[in-house]
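One structure below.
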Protein chains: 2
Amino acid sequence: MYLILLTTLTFSSIHSISAKVIIDGDVNNQCNLDKKLVEEIAAYKNVTQMIMNEIVSKGLGQEMYKEYTYFIDKFGARVSGTENLEKSIDYMINLTKSHGLIDVTTEEVDVPHWVRGHESLQMTKPREKNIALIGLGSSVSTPPEGLTAEVIVIKSFQDLDRTNDTETKGKIILFDAHYVTYGDTAIYRTQGASRAAKKGAVASLIRSITPFSIYSTHTGAQFYENDVTKIPTAAITLEDADLMRRLQERGEKIVVTLKMSSTFDMKKSRNTIIDLKGKENPDKVVIVSGHIDSWDVGQGAMDDGGGMMISWFAPVVLNRLNLKPKRTLRAILWTAEEPGLIGAAGYLQRHVSELSNINFIMESDEGTFMPRGLDVAGSNTTRCIIAEILKLFSPVDKMTNSGGPGSDITMFIRKGVPGASLLNDNARYFWYHHSDGDTLNVQNINDVIHCAAFWTAASYVIADISKDLPRD
Amino acid sequence: MYLILLTTLTFSSIHSISAKVIIDGDVNNQCNLDKKLVEEIAAYKNVTQMIMNEIVSKGLGQEMYKEYTYFIDKFGARVSGTENLEKSIDYMINLTKSHGLIDVTTEEVDVPHWVRGHESLQMTKPREKNIALIGLGSSVSTPPEGLTAEVIVIKSFQDLDRTNDTETKGKIILFDAHYVTYGDTAIYRTQGASRAAKKGAVASLIRSITPFSIYSTHTGAQFYENDVTKIPTAAITLEDADLMRRLQERGEKIVVTLKMSSTFDMKKSRNTIIDLKGKENPDKVVIVSGHIDSWDVGQGAMDDGGGMMISWFAPVVLNRLNLKPKRTLRAILWTAEEPGLIGAAGYLQRHVSELSNINFIMESDEGTFMPRGLDVAGSNTTRCIIAEILKLFSPVDKMTNSGGPGSDITMFIRKGVPGASLLNDNARYFWYHHSDGDTLNVQNINDVIHCAAFWTAASYVIADISKDLPRD
């Protein structure tokens, strides 16, 4: 069994769904769970069926979906540092209370506030053509008159390393790295500008990180290394990256004028913490989570409106059903995930002494298409217990072991907290990810309701079983 | 068997691929072809195999694909009335001659020259949001300061007819007609502005004509009726049409500011006619065709760069292979198809007295994905002969009878000329159609080469068999 080393889980692997080696968790062969525990878990069949029935068949799921679509349409994109994000947080707080769950707190975090201004890219040689582009988050601006330079198309960092600095100095480097997995390819987004700057480039472009495009541009976080010149950086479509590569292969000189502007400052935002207090061990918590912020394109319906909403829903609906688990079930709506897990890092810093109280941490940030199971990190016994719990939800009982589930929760898992992310039918996730295509149109009411039902019932069982999930 | 009446094949059915009732042509049950003709057709097996082998396996197809991609990248979009279109026509003329086929003529046509200027659509109520839009071809401009008005979302012309004029007067009507087939749905694009104007609307919008979107806008021709106020008209994405419909359903008032500018005048363009003169009956012609113009978005690689190129290729490659059919094989690169079959109408007008000499007319304007056969219009005997010829190309032997194959050739077929369009695996055609997504990225070298091989060999047989294709 191969695991990506946790130490490699840096920003470049945020959302690294497909980067991970997914291995079906065939843990049962090695499981020797106590027979009483197995029987105890099996006895949850009725209550999980009841919970899911209330959500799927008795209207609670439809009600949630209505709340979800209303929220998404009302606020649209919810960008770190904006007033709109803060209003959307206030809205969710009030919504929680209006549903009768009043144990809602927020914790302040300093977050980046990067605002996109004007962006344009005009090819002037070998012919005039507007090139669609989208600046990468935290990119600096060009001079107001823009940067006019030759474009050099480069396939990989390896190829970049092999080029002479004289070939790249003063040029705009286009990283034309074809999508393999998100983790493999997103390094060109996160590190491309710094790598290009070290070679003397005046700006860098990337082929959008997606396997499929209808002339769509995909933004995302990028990070300047210390001690490199901060150069402007943006993504273009697969179509134009292919065009430029073909032009270069034909020996054509490509010249473009790039104009980008943006502003950057720091603002306050808040993580939102919603507790359904445990009836026996309120200090022990099981966390379900998603992030409330989004990029500034599309509606942030998929990334991560859906995951945020089903996580919000779990304690709210259990409270309405008067089902209080033994441990506290805590929903966290993370702020500022997109610029680099900022909300989660703030929470970890504040609560680092209480990590032993987190029995399990869950996040849904890879789509809320039809649910299939969980990607689980934890000790063998923990994985055996989760596998046993998943049997209650067959056929939603797939268990994988990628080594680093989740985005915000990754840093908790690296500290030894067991956790899981939602597996779902997200084969098209990156078609829409961080693009204008991330709207309610990619969501399906039936899928989201089934995600909510599974997420709620599974987290209830984990929060309620007699045994804590053991760490190594 | 149901056929759409040919008289209904107006502009609204341009490209009406999916509008037609496609019925597999099980003509053989009723065929009583002369045994000698059947044997004659079967005897073409060797020559068709040879032609296809030269194209698919011996490099001629690869060479064509290289010419094709070079042409598409060099010229990009080729809009009716533009200098760029005329340069692309000159390029194809010279390319033909450079391949040794010198019998190239052009025929002048007056064509519309509509040039898109600035376009923007800003939602101001219930919240601020930029709405992506694309003006429909021939739309008039708004006043420079734009039009600010309430949007009314209407599902169909039937629903529009039921509304009171007081509900629509001074409003912007959004036709939110969901994609059924292209023919069924494109009437909202072609007629929407006129229908809205009759109800007192100040502008009209349509939901883009596509079954799938990644926030993509799709343009296309629209036609103002006489005696209606010409109001500005544009297409928006499926995503924003759905958003506006949801907002309206929630009782929200939607207000937008629409700004559009464009210019319109008439220019000269040319149909390009490339003849491989028949060795026995040069006055009789078999036509293969596609249109060289495109919309002003994307590259016009699919619509109709591919169809134009494989049609251009047929006489050129047969000439190189020294295969001259009995009748003249004529490739026509139609100009100005997109604004309303203008080039084809000009050719028809000029050659109306020679229609009896057109033995068969073919067009590829519905994609050059993997070929499957032909959609054939003609007498029963003609369809029987074509079915017999298709047996040479098994498994590319599907024959359908939609009643109106082609776009440019429709008007010839309405005059009784038998003809066919290329059937191919174009299930995703409308994902890209008339959008920025129509680029070389949707094409596949293997598919296009197979189209070229089939198109060339099939047209050769039709042009060479001893029997003319009989009309009713």
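Residue numbers start at 1 in each chain; chains themselves are named A, B, ... in the order of the structure tokens; ligands are numbered from 1 in the order shown.
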
Segment 299-313 of chain B: which residues within 8 Å, counting only C-alpha atoms, same-chain residues fewer than 5 positions away excluded, as number ranges by chain? B: 64, 68, 72-73, 75-78, 274, 288-294, 331-333, 363-368, 433-434, 436, 438-440, 442-443, 448, 451-452, 455-456

Those in segment 415-448 of chain A with strand (DSSP E or B) from DSSP, as a ChimeraX atom specification: /A:419-424

Which chain B residues have any atom within 8 Å of an atom of chain A, and for each, what is the nearest pair of atoms with distance in Å to one decimal, counting only C-alpha atoms, rows sorted by chain and number, as a tab-separated table?
```
residue	atom	partner	partner_atom	distance
B:Asp73	CA	A:Leu243	CA	7.0
B:Lys74	CA	A:Arg127	CA	7.7
B:Arg127	CA	A:Lys74	CA	7.7
B:Ser213	CA	A:Gly437	CA	7.7
B:Ile214	CA	A:Gly437	CA	4.6
B:Tyr215	CA	A:Gly437	CA	5.0
B:Ser216	CA	A:Ile214	CA	7.1
B:Glu239	CA	A:Asn441	CA	6.0
B:Asp242	CA	A:Asn441	CA	7.8
B:Leu243	CA	A:Asp73	CA	7.0
B:Leu247	CA	A:Asp73	CA	7.9
B:Trp431	CA	A:Ile214	CA	7.8
B:Tyr432	CA	A:Ile214	CA	6.9
B:Asp436	CA	A:Tyr215	CA	5.9
B:Gly437	CA	A:Ile214	CA	4.6
B:Thr439	CA	A:Glu239	CA	6.8
B:Leu440	CA	A:Glu239	CA	7.6
B:Asn441	CA	A:Glu239	CA	6.0
```

Please give the complete set of residues from segment 22-210 of chain A that DSSP, run on the backbone, assigns to alpha helix (DSSP H), formatted as a ChimeraX atom specification. /A:35-42,45-56,60-75,83-98,157-162,165-168,182-198

As an exercise, work out the distance from atom CA of Ser156 of chain B to atom CA of Lys171 of chain B in Å and give it to one decimal place. 16.2 Å

Show me, as a Markdown table, the residues of segment 331-378 of chain B having an atom within 12 Å of segment 251-267 of chain B, each with the closest atom pair and its distance in Å, using only C-alpha atoms.
```
| residue | atom | partner | partner_atom | distance |
| --- | --- | --- | --- | --- |
| B:Thr335 | CA | B:Lys267 | CA | 11.8 |
| B:Ala336 | CA | B:Lys267 | CA | 10.7 |
| B:Pro339 | CA | B:Met266 | CA | 11.8 |
| B:Ile342 | CA | B:Met266 | CA | 11.8 |
```

Let me see the file: selected residues, N, CA and C atoms, as an mmCIF file, in the first residue's frame.
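Listing of again_16.cif after writing:
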```
data_model
loop_
_atom_site.group_PDB
_atom_site.id
_atom_site.type_symbol
_atom_site.label_atom_id
_atom_site.label_comp_id
_atom_site.auth_asym_id
_atom_site.auth_seq_id
_atom_site.Cartn_x
_atom_site.Cartn_y
_atom_site.Cartn_z
ATOM 1 N N THR B 335 -19.733 30.627 -49.293
ATOM 2 C CA THR B 335 -19.479 31.779 -48.418
ATOM 3 C C THR B 335 -20.775 32.160 -47.701
ATOM 4 N N ALA B 336 -20.631 32.833 -46.597
ATOM 5 C CA ALA B 336 -21.750 33.473 -45.886
ATOM 6 C C ALA B 336 -22.930 32.539 -45.635
ATOM 7 N N PRO B 339 -24.855 33.903 -41.873
ATOM 8 C CA PRO B 339 -25.916 34.915 -41.792
ATOM 9 C C PRO B 339 -27.195 34.530 -42.529
ATOM 10 N N ILE B 342 -26.406 32.696 -47.579
ATOM 11 C CA ILE B 342 -26.329 33.738 -48.606
ATOM 12 C C ILE B 342 -25.555 33.256 -49.832
#
```

Rounded to one decimal place, report the atom CA of Lys391 of chain A-atom CA of Asn359 of chain A distance in Å.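 Atom-to-atom, atom CA of Lys391 of chain A to atom CA of Asn359 of chain A, that is 20.1 Å.
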
Any idea what's packed within 7 Å of Gly170 of chain A, counting only C-alpha atoms, ignoring anything in its chain fewer than 4 positions away? Could you give it as a list of chain:residue names?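 Close residues of Gly170 of chain A: A:Gly200, A:Ala201, A:Val202.
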
Restrict the selected residues to C-alpha atoms and save them as an mmCIF file, in the first residue's frame.
```cif
data_model
loop_
_atom_site.group_PDB
_atom_site.id
_atom_site.type_symbol
_atom_site.label_atom_id
_atom_site.label_comp_id
_atom_site.auth_asym_id
_atom_site.auth_seq_id
_atom_site.Cartn_x
_atom_site.Cartn_y
_atom_site.Cartn_z
ATOM 1 C CA GLY A 200 13.963 35.809 -15.581
ATOM 2 C CA ALA A 201 10.443 35.690 -17.034
ATOM 3 C CA VAL A 202 8.323 38.842 -16.734
#
```

List as a list of chain:residue names the protein and nucleic acid residues near segment 316-330 of chain A, meaning an atom at most 6 Å away when only C-alpha atoms are counted, but skip any in the same chain fewer than 4 places from it.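 In the requested form, the answer reads A:Ile274, A:Asp275, A:Leu276, A:Lys277, A:Gly278, A:Lys279, A:Glu280, A:Asn281, A:Pro282, A:Lys284, A:Val285, A:Val286, A:Ile287, A:Ala463, A:Asp464.
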
Could you check the closest approach to Met411 of chain A for each of A:Ala196, A:Met123, A:Ile361, A:Ala42 and tell me which residue wins, using only C-alpha atoms?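 Nearest candidate to Met411 of chain A out of A:Ala196, A:Met123, A:Ile361, A:Ala42: A:Ile361.
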
Do you know which residues are at most 12 Å from segment 111-117 of chain A counting only C-alpha atoms, after dropping those on the same chain fewer than 3 positions away, and could you put them as a ChimeraX atom specification? /A:78-86,108,120,133-142,144,219-222,234,259-271,293,295-297,334-346

Store the residues picked out above in a file with C-alpha atoms, as a compact mmCIF listing (two decimals), in the first residue's frame.
```
# COMPACT_ATOMS: atom_id res chain seq x y z
CA ARG A 78 -18.25 34.60 -1.51
CA VAL A 79 -14.68 35.79 -1.65
CA SER A 80 -12.26 35.87 1.27
CA GLY A 81 -12.13 39.34 2.78
CA THR A 82 -15.33 40.64 1.21
CA GLU A 83 -18.36 42.11 2.90
CA ASN A 84 -20.47 39.67 0.88
CA LEU A 85 -18.74 36.70 2.53
CA GLU A 86 -19.35 38.20 5.97
CA GLU A 108 -12.16 35.65 14.05
CA SER A 120 -6.85 41.27 -20.72
CA LEU A 133 -7.60 34.72 -19.19
CA ILE A 134 -8.18 34.71 -15.46
CA GLY A 135 -5.65 35.97 -12.96
CA LEU A 136 -4.50 33.52 -10.30
CA GLY A 137 -5.32 34.45 -6.72
CA SER A 138 -2.72 36.79 -5.15
CA SER A 139 -1.16 37.67 -8.52
CA VAL A 140 0.43 41.11 -8.67
CA SER A 141 -0.61 43.62 -11.33
CA THR A 142 1.17 44.49 -14.55
CA PRO A 144 -0.99 50.00 -16.33
CA THR A 219 -8.40 30.31 -11.35
CA GLY A 220 -6.99 29.21 -7.98
CA ALA A 221 -4.39 30.02 -5.38
CA GLN A 222 -0.76 30.62 -6.23
CA ALA A 234 -2.89 33.96 -14.97
CA LYS A 259 -2.76 43.64 -18.65
CA MET A 260 -3.75 42.73 -15.10
CA SER A 261 -4.69 44.75 -12.09
CA SER A 262 -5.69 43.78 -8.57
CA THR A 263 -5.64 45.03 -5.01
CA PHE A 264 -4.58 43.23 -1.88
CA ASP A 265 -5.10 43.87 1.83
CA MET A 266 -5.96 41.90 4.95
CA LYS A 267 -9.43 41.72 6.49
CA LYS A 268 -11.18 39.98 9.34
CA SER A 269 -13.38 36.98 8.71
CA ARG A 270 -14.87 34.24 10.86
CA ASN A 271 -15.06 30.48 11.18
CA ASP A 293 -15.91 31.06 0.99
CA TRP A 295 -13.48 32.02 -5.64
CA ASP A 296 -14.80 35.13 -7.34
CA VAL A 297 -16.13 33.28 -10.38
CA TRP A 334 -14.49 27.30 7.43
CA THR A 335 -13.67 30.73 6.12
CA ALA A 336 -10.96 31.55 3.58
CA GLU A 337 -10.14 28.05 2.42
CA GLU A 338 -9.47 29.17 -1.13
CA PRO A 339 -6.54 31.51 -0.49
CA GLY A 340 -4.78 28.73 1.43
CA LEU A 341 -6.71 27.04 4.27
CA ILE A 342 -6.57 30.24 6.30
CA GLY A 343 -9.66 29.63 8.41
CA ALA A 344 -8.67 26.08 9.25
CA ALA A 345 -5.15 27.18 10.17
CA GLY A 346 -6.65 29.77 12.54
```

Write out as a compact mmCIF listing (two decimals) with N, CA and C atoms, in the first residue's frame which residues come within 8 Å of Ala193 of chain A when counting only C-alpha atoms, dropping same-chain ones fewer than 4 positions away.
```txt
# COMPACT_ATOMS: atom_id res chain seq x y z
N ARG A 189 0.12 25.78 -11.23
CA ARG A 189 -0.61 26.96 -10.80
C ARG A 189 0.02 27.55 -9.53
N ALA A 197 9.80 33.21 -12.58
CA ALA A 197 10.53 34.40 -12.16
C ALA A 197 12.02 34.09 -11.97
N ALA A 203 6.36 37.41 -16.74
CA ALA A 203 5.02 36.97 -16.34
C ALA A 203 4.92 35.48 -16.64
N SER A 204 3.92 34.83 -16.04
CA SER A 204 3.71 33.42 -16.38
C SER A 204 2.24 33.16 -16.59
N LEU A 205 1.99 32.22 -17.49
CA LEU A 205 0.62 31.77 -17.78
C LEU A 205 0.58 30.27 -17.56
N GLN A 222 -2.17 30.78 -5.89
CA GLN A 222 -0.76 30.62 -6.23
C GLN A 222 0.04 31.31 -5.13
N TYR A 224 3.82 33.07 -4.09
CA TYR A 224 5.17 33.51 -4.45
C TYR A 224 6.14 33.00 -3.39
N LYS A 230 8.05 39.08 -7.75
CA LYS A 230 6.64 38.71 -7.92
C LYS A 230 6.19 39.14 -9.32
N ILE A 231 5.91 38.17 -10.16
CA ILE A 231 5.48 38.49 -11.53
C ILE A 231 4.00 38.15 -11.69
N PRO A 232 3.31 38.87 -12.58
CA PRO A 232 1.89 38.59 -12.80
C PRO A 232 1.70 37.18 -13.35
N THR A 233 0.58 36.56 -12.97
CA THR A 233 0.36 35.17 -13.40
C THR A 233 -1.14 34.91 -13.58
```

Which residue out of B:Phe412, B:Ser88, B:Val56, B:Met399 has the minimum interatomic distance to His351 of chain B when only C-alpha atoms are used?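 When distances to His351 of chain B are compared using only C-alpha atoms, the smallest one comes from B:Phe412.
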
Which value, in Å to one decimal, gives the distance between atom CA of Gly416 of chain B and atom CA of Thr381 of chain B?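 Going from atom CA of Gly416 of chain B over to atom CA of Thr381 of chain B covers 13.9 Å.
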